[in-house]
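*Asks:* The structure under discussion is supplied below as structure tokens; questions concerning it will follow.
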Amino acid sequence: MMTKNKSAVLMDLLNDCIVEHLCAQVVAGCSMVQVFETNAGFLTPKMFNEIVAPRLEYICKSLKKKLESLGIEGVPIALFCKGANQSLPILNKLGYDVLSLDWTLDPEIAREFVGCTIQGNLDPCALYAPKEQLHEMTKTMLEKFGTRKLIANLGHGIYPDVDPDNVKCFVDAVHEISLKMNGDNNDDLLSLYT
């Protein structure tokens, strides 16, 4: 009889705790939850695909099943695996509604492998750029991704010393550029911002 190694036992225990925590978040009113695996880039593709990916799939499926068993309407579930770009085809099959991408992945490549909604992926350091340059980087990102099935965001968190005015510039640029790119399809979008 084979026994699990201690790491596998711990990861499985953590998975169940994560599912319980995410479920509690939804019960408390969250309209979207996200699973973070920010160390994925430190693993070989083989290790990630064989050890981590099945557990991420378990979390997603178990959360959906638990919410359904409680009679609670599901919410979108996002997954962020920093540095796991080589595993996009596998990540795309794990059942998540949204894949959050770090800034190291070209949006056009991401669109080839990802069928669900994408979140990301502007380099967080772009927030240090002059506003005109930040606007241009945002425009490039949006042009490469397109505005459909996209949650425009950074490819990781905001650094603590970033000027809040640059964050506002990024958000305003996303709204302005998206509205221009969507042309005649803006009526629904405009109502969100007025």
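The way I read the labels, and the way they are meant: chains A, B, ... in the order of the structure tokens, residue 1 as the first residue of every chain, and ligand 1 as the first ligand shown, with later ones counted on from there.
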Write out as a short mmCIF file (atom, residue, chain, number, x, y, z; two decimals) with C-alpha atoms, in the first residue's frame the set of residues from segment 84-144 of chain A that DSSP, computed on the backbone, places in strand (DSSP E or B).
*Replies:*
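Output contents, as saved in part.cif:
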data_model
loop_
_atom_site.label_atom_id
_atom_site.label_comp_id
_atom_site.auth_asym_id
_atom_site.auth_seq_id
_atom_site.Cartn_x
_atom_site.Cartn_y
_atom_site.Cartn_z
CA VAL A 98 -11.17 33.81 -15.56
CA LEU A 99 -7.42 33.33 -15.98
CA SER A 100 -5.35 36.18 -14.61
CA THR A 117 -12.10 35.60 -19.81
CA ILE A 118 -8.60 36.96 -19.24
CA GLN A 119 -7.55 39.35 -16.50
CA GLY A 120 -4.35 41.35 -16.73
CA ASN A 121 -1.69 41.96 -17.72
CA LEU A 122 -0.02 45.36 -17.72
#
*Asks:* Tell me, which residues of chain A carry DSSP alpha helix (DSSP H), written as a PyMOL selection string?
*Replies:* chain A and resi 6-27+45-47+53-69+88-91+107-113+131-145+164-182+187-193
*Asks:* Near Cys169 of chain A, within 9 Å and counting only C-alpha atoms, which residues show up once chain neighbours fewer than 3 positions away are dropped, as JSON, numbers by chain?
*Replies:* {"A": [127, 131, 134, 135, 164, 165, 166, 172, 173, 174]}
*Asks:* If you take only C-alpha atoms and a cut-off of 8 Å, which residues of segment 73-149 of chain A touch segment 30-46 of chain A, and what are their nearest atom pairs and distances in Å to one decimal, in chain and number order, as JSON lines?
*Replies:*
{"residue": "A:Val75", "atom": "CA", "partner": "A:Met32", "partner_atom": "CA", "distance": 5.3}
{"residue": "A:Pro76", "atom": "CA", "partner": "A:Met32", "partner_atom": "CA", "distance": 5.1}
{"residue": "A:Ile77", "atom": "CA", "partner": "A:Val33", "partner_atom": "CA", "distance": 5.1}
{"residue": "A:Ala78", "atom": "CA", "partner": "A:Gln34", "partner_atom": "CA", "distance": 4.4}
{"residue": "A:Leu79", "atom": "CA", "partner": "A:Val35", "partner_atom": "CA", "distance": 4.8}
{"residue": "A:Phe80", "atom": "CA", "partner": "A:Phe36", "partner_atom": "CA", "distance": 4.9}
{"residue": "A:Cys81", "atom": "CA", "partner": "A:Glu37", "partner_atom": "CA", "distance": 4.6}
{"residue": "A:Lys82", "atom": "CA", "partner": "A:Thr38", "partner_atom": "CA", "distance": 4.7}
{"residue": "A:Gly83", "atom": "CA", "partner": "A:Gly41", "partner_atom": "CA", "distance": 3.8}
{"residue": "A:Ala84", "atom": "CA", "partner": "A:Gly41", "partner_atom": "CA", "distance": 5.3}
{"residue": "A:Gln86", "atom": "CA", "partner": "A:Pro45", "partner_atom": "CA", "distance": 6.7}
{"residue": "A:Ser87", "atom": "CA", "partner": "A:Pro45", "partner_atom": "CA", "distance": 6.8}
*Asks:* Could you write out that same residue set with N, CA, C and O atoms as a PDB file, in the first residue's frame?
*Replies:*
ATOM      1  N   VAL A  75     -20.394  32.237  -8.398  1.00  0.00           N
ATOM      2  CA  VAL A  75     -19.779  33.493  -8.839  1.00  0.00           C
ATOM      3  C   VAL A  75     -18.602  33.138  -9.739  1.00  0.00           C
ATOM      4  O   VAL A  75     -18.100  32.017  -9.700  1.00  0.00           O
ATOM      5  N   PRO A  76     -18.141  34.082 -10.547  1.00  0.00           N
ATOM      6  CA  PRO A  76     -16.943  33.794 -11.347  1.00  0.00           C
ATOM      7  C   PRO A  76     -15.748  33.483 -10.438  1.00  0.00           C
ATOM      8  O   PRO A  76     -15.547  34.124  -9.410  1.00  0.00           O
ATOM      9  N   ILE A  77     -14.992  32.486 -10.857  1.00  0.00           N
ATOM     10  CA  ILE A  77     -13.795  32.088 -10.112  1.00  0.00           C
ATOM     11  C   ILE A  77     -12.599  32.329 -11.019  1.00  0.00           C
ATOM     12  O   ILE A  77     -12.531  31.810 -12.132  1.00  0.00           O
ATOM     13  N   ALA A  78     -11.663  33.134 -10.528  1.00  0.00           N
ATOM     14  CA  ALA A  78     -10.459  33.464 -11.288  1.00  0.00           C
ATOM     15  C   ALA A  78      -9.272  32.690 -10.733  1.00  0.00           C
ATOM     16  O   ALA A  78      -9.249  32.318  -9.564  1.00  0.00           O
ATOM     17  N   LEU A  79      -8.295  32.460 -11.580  1.00  0.00           N
ATOM     18  CA  LEU A  79      -7.066  31.775 -11.195  1.00  0.00           C
ATOM     19  C   LEU A  79      -5.878  32.595 -11.667  1.00  0.00           C
ATOM     20  O   LEU A  79      -5.810  33.012 -12.824  1.00  0.00           O
ATOM     21  N   PHE A  80      -4.943  32.845 -10.750  1.00  0.00           N
ATOM     22  CA  PHE A  80      -3.709  33.540 -11.087  1.00  0.00           C
ATOM     23  C   PHE A  80      -2.535  32.647 -10.736  1.00  0.00           C
ATOM     24  O   PHE A  80      -2.321  32.326  -9.564  1.00  0.00           O
ATOM     25  N   CYS A  81      -1.801  32.218 -11.758  1.00  0.00           N
ATOM     26  CA  CYS A  81      -0.605  31.382 -11.563  1.00  0.00           C
ATOM     27  C   CYS A  81       0.580  32.132 -12.132  1.00  0.00           C
ATOM     28  O   CYS A  81       0.926  31.978 -13.310  1.00  0.00           O
ATOM     29  N   LYS A  82       1.207  32.939 -11.307  1.00  0.00           N
ATOM     30  CA  LYS A  82       2.328  33.764 -11.768  1.00  0.00           C
ATOM     31  C   LYS A  82       3.456  32.884 -12.306  1.00  0.00           C
ATOM     32  O   LYS A  82       3.922  31.972 -11.639  1.00  0.00           O
ATOM     33  N   GLY A  83       3.837  33.167 -13.537  1.00  0.00           N
ATOM     34  CA  GLY A  83       4.965  32.476 -14.145  1.00  0.00           C
ATOM     35  C   GLY A  83       4.653  31.121 -14.739  1.00  0.00           C
ATOM     36  O   GLY A  83       5.560  30.413 -15.154  1.00  0.00           O
ATOM     37  N   ALA A  84       3.400  30.739 -14.815  1.00  0.00           N
ATOM     38  CA  ALA A  84       3.033  29.424 -15.357  1.00  0.00           C
ATOM     39  C   ALA A  84       2.609  29.516 -16.823  1.00  0.00           C
ATOM     40  O   ALA A  84       1.764  28.757 -17.280  1.00  0.00           O
ATOM     41  N   GLN A  86       3.922  28.540 -19.484  1.00  0.00           N
ATOM     42  CA  GLN A  86       4.110  27.328 -20.260  1.00  0.00           C
ATOM     43  C   GLN A  86       2.950  26.349 -20.075  1.00  0.00           C
ATOM     44  O   GLN A  86       2.803  25.412 -20.842  1.00  0.00           O
ATOM     45  N   SER A  87       2.124  26.568 -19.077  1.00  0.00           N
ATOM     46  CA  SER A  87       1.018  25.657 -18.775  1.00  0.00           C
ATOM     47  C   SER A  87      -0.346  26.222 -19.169  1.00  0.00           C
ATOM     48  O   SER A  87      -1.372  25.706 -18.722  1.00  0.00           O
TER      49      SER A  87
END
*Asks:* Can you work out the spacing between atom CA of Arg111 of chain A and atom CA of Ala53 of chain A in Å, to one decimal?
*Replies:*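 According to the coordinates, atom CA of Arg111 of chain A and atom CA of Ala53 of chain A are separated by 20.0 Å.
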